[in-house]
file my_file-v3.cif (mmCIF, C-alpha atoms)
data_query
#
loop_
_atom_site.group_PDB
_atom_site.id
_atom_site.type_symbol
_atom_site.label_atom_id
_atom_site.label_comp_id
_atom_site.auth_asym_id
_atom_site.auth_seq_id
_atom_site.Cartn_x
_atom_site.Cartn_y
_atom_site.Cartn_z
ATOM 1 C CA MET H 1 15.865 31.678 -62.072
ATOM 2 C CA SER H 2 14.288 28.815 -60.152
ATOM 3 C CA VAL H 3 10.987 29.701 -58.492
ATOM 4 C CA ARG H 4 9.444 26.945 -56.426
ATOM 5 C CA THR H 5 5.831 25.913 -56.523
ATOM 6 C CA GLN H 6 4.163 22.984 -54.845
ATOM 7 C CA SER H 7 4.416 20.432 -57.682
ATOM 8 C CA SER H 8 8.139 19.590 -57.461
ATOM 9 C CA GLU H 9 8.644 16.104 -55.982
ATOM 10 C CA GLU H 10 11.806 15.835 -53.900
ATOM 11 C CA PRO H 11 13.485 12.453 -53.300
ATOM 12 C CA ALA H 12 13.259 11.438 -49.646
ATOM 13 C CA GLU H 13 16.473 11.281 -47.639
ATOM 14 C CA ASN H 14 16.759 9.348 -44.396
ATOM 15 C CA VAL H 15 18.742 11.820 -42.326
ATOM 16 C CA HIS H 16 17.491 14.037 -39.536
ATOM 17 C CA ARG H 17 18.382 17.713 -39.648
ATOM 18 C CA ALA H 18 18.104 20.436 -37.022
ATOM 19 C CA GLY H 19 19.055 24.058 -37.150
ATOM 20 C CA PHE H 20 18.148 27.719 -37.054
ATOM 21 C CA ALA H 21 16.548 29.870 -39.723
ATOM 22 C CA CYS H 22 15.807 33.550 -39.426
ATOM 23 C CA PHE H 23 13.445 35.736 -41.372
ATOM 24 C CA VAL H 24 14.679 39.199 -42.235
ATOM 25 C CA GLY H 25 13.050 42.000 -44.126
ATOM 26 C CA ARG H 26 11.967 45.515 -43.586
ATOM 27 C CA PRO H 27 9.318 46.155 -40.940
ATOM 28 C CA ASN H 28 5.867 44.770 -41.807
ATOM 29 C CA ALA H 29 7.128 42.356 -44.495
ATOM 30 C CA GLY H 30 5.109 39.499 -42.959
ATOM 31 C CA LYS H 31 7.877 37.816 -40.935
ATOM 32 C CA SER H 32 5.885 37.214 -37.738
ATOM 33 C CA THR H 33 2.776 36.009 -39.586
ATOM 34 C CA LEU H 34 4.952 33.531 -41.493
ATOM 35 C CA THR H 35 6.577 32.301 -38.268
ATOM 36 C CA ASN H 36 3.143 31.668 -36.746
ATOM 37 C CA ALA H 37 1.915 29.879 -39.903
ATOM 38 C CA LEU H 38 4.926 27.549 -39.969
ATOM 39 C CA VAL H 39 4.728 26.736 -36.252
ATOM 40 C CA GLY H 40 0.948 26.366 -36.508
ATOM 41 C CA GLN H 41 0.319 28.485 -33.425
ATOM 42 C CA LYS H 42 0.764 32.058 -32.349
ATOM 43 C CA VAL H 43 4.298 32.570 -31.020
ATOM 44 C CA ALA H 44 5.186 35.927 -32.590
ATOM 45 C CA ILE H 45 2.986 38.970 -32.206
ATOM 46 C CA THR H 46 1.605 40.427 -35.418
ATOM 47 C CA SER H 47 0.334 43.898 -36.125
ATOM 48 C CA ASN H 48 0.011 45.915 -39.304
ATOM 49 C CA ARG H 49 2.186 48.476 -37.572
ATOM 50 C CA PRO H 50 5.918 48.368 -38.389
ATOM 51 C CA GLN H 51 8.417 47.552 -35.621
ATOM 52 C CA THR H 52 6.128 45.264 -33.665
ATOM 53 C CA THR H 53 8.687 42.579 -32.893
ATOM 54 C CA ARG H 54 11.307 43.595 -30.359
ATOM 55 C CA HIS H 55 12.433 40.286 -28.920
ATOM 56 C CA THR H 56 13.984 37.433 -30.851
ATOM 57 C CA VAL H 57 11.039 35.048 -30.782
ATOM 58 C CA ARG H 58 11.908 31.492 -31.665
ATOM 59 C CA GLY H 59 9.228 29.300 -33.143
ATOM 60 C CA ILE H 60 9.945 25.580 -33.344
ATOM 61 C CA VAL H 61 8.702 23.506 -36.283
ATOM 62 C CA HIS H 62 8.748 19.767 -35.529
ATOM 63 C CA ARG H 63 8.895 17.434 -38.543
ATOM 64 C CA GLU H 64 9.726 13.735 -38.867
ATOM 65 C CA ASP H 65 12.881 14.523 -40.804
ATOM 66 C CA ALA H 66 13.869 17.793 -39.165
ATOM 67 C CA GLN H 67 13.501 20.383 -36.468
ATOM 68 C CA LEU H 68 13.472 23.909 -37.796
ATOM 69 C CA ILE H 69 13.959 26.643 -35.193
ATOM 70 C CA LEU H 70 12.746 29.998 -36.450
ATOM 71 C CA VAL H 71 14.316 33.143 -35.122
ATOM 72 C CA ASP H 72 12.091 36.143 -35.701
ATOM 73 C CA THR H 73 14.159 39.324 -35.594
ATOM 74 C CA PRO H 74 12.982 42.936 -35.500
ATOM 75 C CA GLY H 75 12.833 44.611 -38.927
ATOM 76 C CA LEU H 76 16.166 46.118 -39.912
ATOM 77 C CA HIS H 77 15.744 49.868 -40.425
ATOM 78 C CA LYS H 78 17.646 53.149 -40.356
ATOM 79 C CA PRO H 79 17.677 53.848 -36.607
ATOM 80 C CA ARG H 80 16.541 57.181 -35.139
ATOM 81 C CA THR H 81 16.755 56.284 -31.443
ATOM 82 C CA LEU H 82 18.930 54.227 -29.113
ATOM 83 C CA LEU H 83 16.187 51.566 -29.127
ATOM 84 C CA GLY H 84 16.426 51.494 -32.948
ATOM 85 C CA GLU H 85 20.202 51.005 -32.810
ATOM 86 C CA ARG H 86 19.859 48.174 -30.280
ATOM 87 C CA LEU H 87 17.224 46.445 -32.410
ATOM 88 C CA ASN H 88 19.536 46.584 -35.454
ATOM 89 C CA ASP H 89 22.377 45.075 -33.372
ATOM 90 C CA VAL H 90 20.063 42.195 -32.431
ATOM 91 C CA VAL H 91 19.387 41.565 -36.130
ATOM 92 C CA ARG H 92 23.051 41.485 -37.173
ATOM 93 C CA THR H 93 24.062 39.238 -34.264
ATOM 94 C CA THR H 94 21.290 36.816 -35.199
ATOM 95 C CA TRP H 95 22.310 36.674 -38.871
ATOM 96 C CA ALA H 96 25.799 35.632 -37.874
ATOM 97 C CA GLU H 97 24.508 32.672 -35.846
ATOM 98 C CA VAL H 98 21.829 30.999 -38.010
ATOM 99 C CA ASP H 99 22.075 28.198 -40.622
ATOM 100 C CA VAL H 100 19.820 29.801 -43.223
ATOM 101 C CA ILE H 101 18.388 33.287 -43.811
ATOM 102 C CA GLY H 102 14.925 33.877 -45.299
ATOM 103 C CA PHE H 103 14.602 37.358 -46.841
ATOM 104 C CA CYS H 104 10.902 38.351 -46.795
ATOM 105 C CA LEU H 105 9.718 40.674 -49.551
ATOM 106 C CA PRO H 106 5.991 41.470 -49.847
ATOM 107 C CA ALA H 107 4.475 40.698 -53.256
ATOM 108 C CA ASN H 108 2.244 43.776 -53.084
ATOM 109 C CA GLU H 109 5.010 46.389 -52.764
ATOM 110 C CA LYS H 110 7.698 47.159 -55.326
ATOM 111 C CA LEU H 111 11.296 46.722 -54.136
ATOM 112 C CA GLY H 112 12.374 49.929 -52.425
ATOM 113 C CA PRO H 113 15.394 51.509 -50.727
ATOM 114 C CA GLY H 114 14.640 49.592 -47.500
ATOM 115 C CA ASP H 115 14.845 46.241 -49.322
ATOM 116 C CA ARG H 116 18.097 47.248 -51.041
ATOM 117 C CA PHE H 117 19.573 48.376 -47.714
ATOM 118 C CA ILE H 118 18.937 44.881 -46.260
ATOM 119 C CA ALA H 119 19.998 43.048 -49.436
ATOM 120 C CA LYS H 120 23.352 44.885 -49.398
ATOM 121 C CA GLU H 121 23.894 43.810 -45.775
ATOM 122 C CA LEU H 122 22.990 40.220 -46.724
ATOM 123 C CA ALA H 123 25.428 40.270 -49.639
ATOM 124 C CA GLY H 124 28.207 40.764 -47.092
ATOM 125 C CA ILE H 125 27.311 37.491 -45.334
ATOM 126 C CA ARG H 126 28.995 34.998 -47.613
ATOM 127 C CA LYS H 127 28.577 31.526 -46.109
ATOM 128 C CA THR H 128 24.938 31.418 -44.973
ATOM 129 C CA PRO H 129 22.439 30.218 -47.625
ATOM 130 C CA LYS H 130 19.750 32.787 -48.432
ATOM 131 C CA VAL H 131 16.182 32.059 -49.516
ATOM 132 C CA ALA H 132 14.069 34.868 -51.008
ATOM 133 C CA ILE H 133 10.512 34.534 -49.675
ATOM 134 C CA VAL H 134 7.846 36.503 -51.530
ATOM 135 C CA THR H 135 5.126 37.055 -48.911
ATOM 136 C CA LYS H 136 1.482 38.190 -49.129
ATOM 137 C CA THR H 137 0.956 36.563 -52.551
ATOM 138 C CA ASP H 138 -2.801 36.425 -51.864
ATOM 139 C CA LEU H 139 -2.911 40.222 -52.310
ATOM 140 C CA VAL H 140 -1.709 40.310 -55.944
ATOM 141 C CA ASP H 141 -2.537 38.868 -59.374
ATOM 142 C CA SER H 142 -0.193 36.505 -61.215
ATOM 143 C CA LYS H 143 1.264 39.246 -63.469
ATOM 144 C CA THR H 144 2.300 41.405 -60.476
ATOM 145 C CA LEU H 145 3.737 38.324 -58.754
ATOM 146 C CA ALA H 146 5.772 37.386 -61.843
ATOM 147 C CA GLU H 147 7.182 40.935 -62.047
ATOM 148 C CA GLN H 148 8.178 40.812 -58.378
ATOM 149 C CA LEU H 149 9.902 37.417 -58.800
ATOM 150 C CA ILE H 150 11.932 38.754 -61.759
ATOM 151 C CA ALA H 151 12.854 41.922 -59.799
ATOM 152 C CA ILE H 152 14.111 39.816 -56.841
ATOM 153 C CA ASP H 153 16.127 37.567 -59.167
ATOM 154 C CA GLN H 154 17.688 40.704 -60.725
ATOM 155 C CA LEU H 155 18.448 42.208 -57.299
ATOM 156 C CA GLY H 156 20.359 39.047 -56.370
ATOM 157 C CA LYS H 157 22.410 39.133 -59.591
ATOM 158 C CA GLU H 158 23.161 42.828 -59.154
ATOM 159 C CA LEU H 159 24.503 42.379 -55.600
ATOM 160 C CA GLY H 160 26.124 38.979 -56.076
ATOM 161 C CA ILE H 161 23.607 37.052 -53.936
ATOM 162 C CA ALA H 162 22.942 33.503 -55.208
ATOM 163 C CA TRP H 163 19.446 32.764 -53.864
ATOM 164 C CA ALA H 164 19.229 29.115 -52.732
ATOM 165 C CA GLU H 165 15.510 29.326 -53.585
ATOM 166 C CA ILE H 166 12.896 31.940 -54.490
ATOM 167 C CA VAL H 167 9.567 30.919 -52.940
ATOM 168 C CA PRO H 168 6.206 32.726 -53.212
ATOM 169 C CA VAL H 169 3.985 32.153 -50.122
ATOM 170 C CA SER H 170 0.870 33.444 -48.425
ATOM 171 C CA ALA H 171 0.871 32.840 -44.679
ATOM 172 C CA THR H 172 -2.690 34.126 -44.187
ATOM 173 C CA ALA H 173 -4.106 31.941 -47.005
ATOM 174 C CA ASN H 174 -1.741 29.082 -46.013
ATOM 175 C CA GLN H 175 -0.393 28.748 -49.585
ATOM 176 C CA GLN H 176 3.016 27.098 -50.042
ATOM 177 C CA VAL H 177 3.864 27.375 -46.332
ATOM 178 C CA ASP H 178 4.599 23.614 -46.133
ATOM 179 C CA LEU H 179 6.662 23.868 -49.297
ATOM 180 C CA LEU H 180 8.769 26.587 -47.682
ATOM 181 C CA ALA H 181 9.486 24.262 -44.724
ATOM 182 C CA ASP H 182 10.406 21.497 -47.228
ATOM 183 C CA LEU H 183 12.884 23.811 -48.965
ATOM 184 C CA LEU H 184 14.463 25.192 -45.772
ATOM 185 C CA THR H 185 15.022 21.701 -44.306
ATOM 186 C CA PRO H 186 17.835 20.508 -46.676
ATOM 187 C CA LEU H 187 19.748 23.721 -45.879
ATOM 188 C CA LEU H 188 20.016 22.751 -42.184
ATOM 189 C CA PRO H 189 22.913 20.744 -40.746
ATOM 190 C CA GLU H 190 22.411 17.042 -39.984
ATOM 191 C CA GLY H 191 21.801 16.347 -36.296
ATOM 192 C CA PRO H 192 19.320 15.338 -33.607
ATOM 193 C CA ALA H 193 16.430 17.543 -32.409
ATOM 194 C CA LEU H 194 17.564 20.451 -30.237
ATOM 195 C CA TYR H 195 14.269 20.945 -28.368
ATOM 196 C CA PRO H 196 11.807 18.446 -26.834
ATOM 197 C CA GLU H 197 8.841 17.351 -28.967
ATOM 198 C CA GLY H 198 5.878 19.637 -28.227
ATOM 199 C CA ASP H 199 7.902 22.781 -27.437
ATOM 200 C CA LEU H 200 6.778 25.593 -29.737
ATOM 201 C CA THR H 201 9.078 28.350 -28.520
ATOM 202 C CA ASP H 202 11.834 28.888 -25.981
ATOM 203 C CA GLU H 203 10.600 32.390 -25.177
ATOM 204 C CA PRO H 204 9.894 32.691 -21.421
ATOM 205 C CA GLU H 205 6.154 32.688 -20.680
ATOM 206 C CA GLN H 206 6.324 36.115 -19.019
ATOM 207 C CA VAL H 207 7.790 37.648 -22.173
ATOM 208 C CA MET H 208 5.097 36.049 -24.348
ATOM 209 C CA VAL H 209 2.350 37.259 -22.004
ATOM 210 C CA ALA H 210 3.797 40.795 -22.110
ATOM 211 C CA GLU H 211 3.877 40.621 -25.933
ATOM 212 C CA LEU H 212 0.221 39.546 -26.127
ATOM 213 C CA ILE H 213 -0.770 42.481 -23.891
ATOM 214 C CA ARG H 214 1.303 44.858 -26.034
ATOM 215 C CA GLU H 215 -0.300 43.537 -29.214
ATOM 216 C CA ALA H 216 -3.787 44.192 -27.789
ATOM 217 C CA ALA H 217 -2.696 47.650 -26.584
ATOM 218 C CA LEU H 218 -1.360 48.546 -30.053
ATOM 219 C CA GLU H 219 -4.686 47.805 -31.688
ATOM 220 C CA GLY H 220 -6.763 50.878 -32.366
ATOM 221 C CA VAL H 221 -3.992 53.400 -31.677
ATOM 222 C CA ARG H 222 -2.634 53.108 -35.197
ATOM 223 C CA ASP H 223 -1.005 56.500 -35.496
ATOM 224 C CA GLU H 224 -0.844 57.983 -32.033
ATOM 225 C CA LEU H 225 1.536 55.588 -30.274
ATOM 226 C CA PRO H 226 3.367 53.403 -32.775
ATOM 227 C CA HIS H 227 6.511 52.653 -30.751
ATOM 228 C CA SER H 228 5.776 54.255 -27.393
ATOM 229 C CA ILE H 229 4.258 51.200 -25.692
ATOM 230 C CA ALA H 230 6.262 48.712 -23.629
ATOM 231 C CA VAL H 231 4.777 46.070 -21.330
ATOM 232 C CA VAL H 232 6.437 44.462 -18.322
ATOM 233 C CA VAL H 233 4.844 41.545 -16.457
ATOM 234 C CA GLU H 234 5.728 42.233 -12.821
ATOM 235 C CA GLU H 235 4.502 38.884 -11.485
ATOM 236 C CA MET H 236 2.626 35.734 -12.430
ATOM 237 C CA LEU H 237 1.487 33.693 -9.426
ATOM 238 C CA PRO H 238 -1.083 30.916 -8.945
ATOM 239 C CA ARG H 239 -3.745 32.187 -6.557
ATOM 240 C CA GLU H 240 -3.575 30.469 -3.195
ATOM 241 C CA ASP H 241 -6.514 28.636 -1.571
ATOM 242 C CA ARG H 242 -7.989 27.563 -4.925
ATOM 243 C CA PRO H 243 -9.260 23.985 -5.380
ATOM 244 C CA ALA H 244 -7.004 21.907 -7.669
ATOM 245 C CA ASP H 245 -9.702 21.654 -10.350
ATOM 246 C CA LYS H 246 -10.279 25.443 -10.396
ATOM 247 C CA PRO H 247 -6.857 27.088 -10.613
ATOM 248 C CA LEU H 248 -6.463 30.820 -11.238
ATOM 249 C CA LEU H 249 -3.310 32.617 -12.280
ATOM 250 C CA ASP H 250 -2.870 36.211 -11.099
ATOM 251 C CA ILE H 251 -0.917 38.332 -13.600
ATOM 252 C CA HIS H 252 0.126 41.877 -12.705
ATOM 253 C CA ALA H 253 1.475 43.901 -15.623
ATOM 254 C CA ASN H 254 2.427 47.514 -16.298
ATOM 255 C CA VAL H 255 1.882 49.184 -19.662
ATOM 256 C CA TYR H 256 4.533 51.903 -20.064
ATOM 257 C CA ILE H 257 4.168 54.927 -22.306
ATOM 258 C CA GLU H 258 6.542 57.865 -22.809
ATOM 259 C CA ARG H 259 4.438 60.921 -21.977
ATOM 260 C CA PRO H 260 1.602 61.718 -19.562
ATOM 261 C CA SER H 261 -0.531 62.920 -22.502
ATOM 262 C CA GLN H 262 -0.508 59.353 -23.902
ATOM 263 C CA LYS H 263 -2.089 57.920 -20.774
ATOM 264 C CA GLY H 264 -5.598 58.998 -21.752
ATOM 265 C CA ILE H 265 -5.234 57.419 -25.197
ATOM 266 C CA ILE H 266 -4.402 54.009 -23.692
ATOM 267 C CA ILE H 267 -6.983 54.152 -20.892
ATOM 268 C CA GLY H 268 -9.765 55.609 -23.080
ATOM 269 C CA PRO H 269 -12.986 57.322 -21.937
ATOM 270 C CA LYS H 270 -14.034 55.935 -18.530
ATOM 271 C CA GLY H 271 -11.288 53.294 -18.799
ATOM 272 C CA LYS H 272 -13.036 51.520 -21.677
ATOM 273 C CA ARG H 273 -9.964 51.061 -23.898
ATOM 274 C CA LEU H 274 -7.802 49.578 -21.160
ATOM 275 C CA LYS H 275 -10.665 47.252 -20.225
ATOM 276 C CA ASP H 276 -10.903 46.074 -23.857
ATOM 277 C CA VAL H 277 -7.130 45.520 -23.939
ATOM 278 C CA GLY H 278 -7.467 43.402 -20.779
ATOM 279 C CA ILE H 279 -10.339 41.301 -22.147
ATOM 280 C CA LYS H 280 -8.675 40.706 -25.525
ATOM 281 C CA SER H 281 -5.240 39.844 -24.159
ATOM 282 C CA ARG H 282 -6.645 37.696 -21.346
ATOM 283 C CA THR H 283 -8.410 35.423 -23.856
ATOM 284 C CA GLN H 284 -5.128 34.933 -25.749
ATOM 285 C CA ILE H 285 -3.088 34.431 -22.555
ATOM 286 C CA GLU H 286 -5.523 31.784 -21.300
ATOM 287 C CA ALA H 287 -5.253 29.974 -24.646
ATOM 288 C CA LEU H 288 -1.444 30.163 -24.466
ATOM 289 C CA LEU H 289 -1.102 29.008 -20.845
ATOM 290 C CA GLY H 290 -4.133 26.722 -20.714
ATOM 291 C CA THR H 291 -5.399 28.100 -17.412
ATOM 292 C CA PRO H 292 -7.894 30.780 -16.259
ATOM 293 C CA VAL H 293 -6.248 34.133 -15.627
ATOM 294 C CA PHE H 294 -6.951 37.235 -13.551
ATOM 295 C CA LEU H 295 -5.213 40.103 -15.341
ATOM 296 C CA ASP H 296 -4.378 43.304 -13.482
ATOM 297 C CA LEU H 297 -3.182 46.108 -15.800
ATOM 298 C CA HIS H 298 -1.752 49.499 -14.858
ATOM 299 C CA VAL H 299 -0.590 52.304 -17.158
ATOM 300 C CA LYS H 300 2.616 54.107 -16.165
ATOM 301 C CA VAL H 301 4.751 56.855 -17.688
ATOM 302 C CA ALA H 302 8.456 56.142 -18.338
ATOM 303 C CA LYS H 303 9.586 59.447 -19.805
ATOM 304 C CA ASP H 304 11.242 59.105 -23.266
ATOM 305 C CA TRP H 305 12.198 55.490 -22.501
ATOM 306 C CA GLN H 306 13.259 54.762 -26.099
ATOM 307 C CA ARG H 307 16.202 57.158 -25.754
ATOM 308 C CA ASP H 308 17.276 56.395 -22.189
ATOM 309 C CA PRO H 309 19.769 53.497 -21.696
ATOM 310 C CA LYS H 310 18.749 52.984 -18.045
ATOM 311 C CA GLN H 311 15.033 52.724 -18.847
ATOM 312 C CA LEU H 312 15.704 50.510 -21.889
ATOM 313 C CA ARG H 313 17.514 48.049 -19.596
ATOM 314 C CA ARG H 314 14.673 48.102 -17.081
ATOM 315 C CA LEU H 315 12.123 47.428 -19.825
ATOM 316 C CA GLY H 316 14.144 44.468 -21.106
ATOM 317 C CA PHE H 317 16.052 45.867 -24.102
#

call {"tool": "encode", "arguments": {"input": "my_file-v3.cif", "output": "structure tokens"}}
result
Amino acid sequence: MSVRTQSSEEPAENVHRAGFACFVGRPNAGKSTLTNALVGQKVAITSNRPQTTRHTVRGIVHREDAQLILVDTPGLHKPRTLLGERLNDVVRTTWAEVDVIGFCLPANEKLGPGDRFIAKELAGIRKTPKVAIVTKTDLVDSKTLAEQLIAIDQLGKELGIAWAEIVPVSATANQQVDLLADLLTPLLPEGPALYPEGDLTDEPEQVMVAELIREAALEGVRDELPHSIAVVVEEMLPREDRPADKPLLDIHANVYIERPSQKGIIIGPKGKRLKDVGIKSRTQIEALLGTPVFLDLHVKVAKDWQRDPKQLRRLGF
């Protein structure tokens, strides 16, 4: 079993590589946090609530020798709703199109049925190289980490998966994140950069803004509304009659929930919660877009939208 740590010196090669890598793993395995750490900026929303990522967010890592485009898929899971089935379809389609797959397994949780379910699916994808990424290593001691590395090696042998690498990382403590990029790079095809220097994601700005609002709205409603929130940015327009040195962007967005009873939870007593959501997300949106923003938020009910094909389409799924 070869487990990589920072000391290994690789010989330099003078070719440029560019390609796509995707991180898979069960919900809350640290995929989005890892994407953000590699890109060096927030492009995927993170939450300690499973099923946060719904769109395929691409983060772009620019290096002298390579361009690594990260595709962050939703967590693969046993679906209970139409939304769940659609999210799983997104995952499988993505796997078929990338150059390398990173399987994220948290160091602080023993391998479970969810991990095996994904590993079995991965075993069926023969050609794509697979890297086992042990995430959240800052949360465990070295003995627990060693046990997890052995268990992952065993899982590969059992299912016939030859791991290209097994890499322990901590995205939050920034340990071995650069090493991971070094190890993914040789697995990419040779070729020129696919995106202009400076691009961090190809996700449309409106989608990213909606995701930042949804992340802020998810905070503090841990158990009440795990998957019931969707956000749609209706319009983003520069305000007219503003001097060139004092621009203002007007953003109008709707926060959708599934039942009228959930409205009060999102809005909070005397509108305080919704106001907090607005303040928190506006700060992040201004940092993302680099311009002052006026954010107008409204809460609307879209009855049982997770199960209704028409509503799913309207909300962008």

call {"tool": "closest_residue", "arguments": {"input": "my_file-v3.cif", "among": "H:Arg282, H:Lys303, H:Arg116, H:Lys263", "to": "Gly156 in chain H", "atoms": "only C-alpha atoms"}}
result
H:Arg116

call {"tool": "resolve_selection", "arguments": {"input": "my_file-v3.cif", "expression": "the PyMOL selection byres ((chain H and resi 65) around 10)", "output": "count of residues only"}}
result
19

call {"tool": "resolve_selection", "arguments": {"input": "my_file-v3.cif", "expression": "the PyMOL selection byres ((chain H and resi 288) around 10)", "output": "list in words"}}
result
Gln41, Lys42, Val43, Glu205, Met208, Val209, Leu212, Arg282, Thr283, Gln284, Ile285, Glu286, Ala287, Leu289, Gly290 and Thr291 of chain H

call {"tool": "closest_residue", "arguments": {"input": "my_file-v3.cif", "among": "H:Ala132, H:Leu139, H:Leu184, H:Ile267", "to": "Glu109 in chain H", "atoms": "all atoms listed in the file"}}
result
H:Leu139

call {"tool": "residues_around", "arguments": {"input": "my_file-v3.cif", "residues": "Glu258 in chain H", "least_positions_apart": "3", "cutoff": "8 Å", "atoms": "all atoms listed in the file", "output": "ChimeraX atom specification"}}
result
/H:228-229,262,301-305

call {"tool": "write_last_selection", "arguments": {"input": "my_file-v3.cif", "atoms": "C-alpha atoms", "output": "PDB file, keeping the file's coordinate frame"}}
result
ATOM      1  CA  SER H 228       5.776  54.255 -27.393  1.00  0.00           C
ATOM      2  CA  ILE H 229       4.258  51.200 -25.692  1.00  0.00           C
ATOM      3  CA  GLN H 262      -0.508  59.353 -23.902  1.00  0.00           C
ATOM      4  CA  VAL H 301       4.751  56.855 -17.688  1.00  0.00           C
ATOM      5  CA  ALA H 302       8.456  56.142 -18.338  1.00  0.00           C
ATOM      6  CA  LYS H 303       9.586  59.447 -19.805  1.00  0.00           C
ATOM      7  CA  ASP H 304      11.242  59.105 -23.266  1.00  0.00           C
ATOM      8  CA  TRP H 305      12.198  55.490 -22.501  1.00  0.00           C
TER       9      TRP H 305
END

call {"tool": "closest_residue", "arguments": {"input": "my_file-v3.cif", "among": "H:Glu121, H:Glu240, H:Glu235, H:Asp245", "to": "Asp296 in chain H", "atoms": "all atoms listed in the file"}}
result
H:Glu235

call {"tool": "resolve_selection", "arguments": {"input": "my_file-v3.cif", "expression": "the PyMOL selection byres ((chain H and resi 127-131) around 12)", "output": "NGL selection string"}}
result
:H and (2-4 or 20-25 or 94-105 or 119 or 122-126 or 132-134 or 152-153 or 156 or 160-168 or 180-181 or 183-189)

call {"tool": "closest_residue", "arguments": {"input": "my_file-v3.cif", "among": "H:Ala29, H:Ala37, H:Leu82, H:Ile69", "to": "Pro309 in chain H", "atoms": "all atoms listed in the file"}}
result
H:Leu82

call {"tool": "atom_distance", "arguments": {"input": "my_file-v3.cif", "atom1": "CA of Arg214 in chain H", "atom2": "CA of Lys275 in chain H"}}
result
13.5 Å

call {"tool": "atom_distance", "arguments": {"input": "my_file-v3.cif", "atom1": "CA of Leu111 in chain H", "atom2": "CA of Leu38 in chain H"}}
result
24.7 Å

call {"tool": "atom_distance", "arguments": {"input": "my_file-v3.cif", "atom1": "CA of Lys157 in chain H", "atom2": "CA of Val71 in chain H"}}
result
26.5 Å

call {"tool": "closest_residue", "arguments": {"input": "my_file-v3.cif", "among": "H:Ile213, H:Val39, H:Ala107, H:Leu194", "to": "Asn174 in chain H", "atoms": "all atoms listed in the file"}}
result
H:Val39
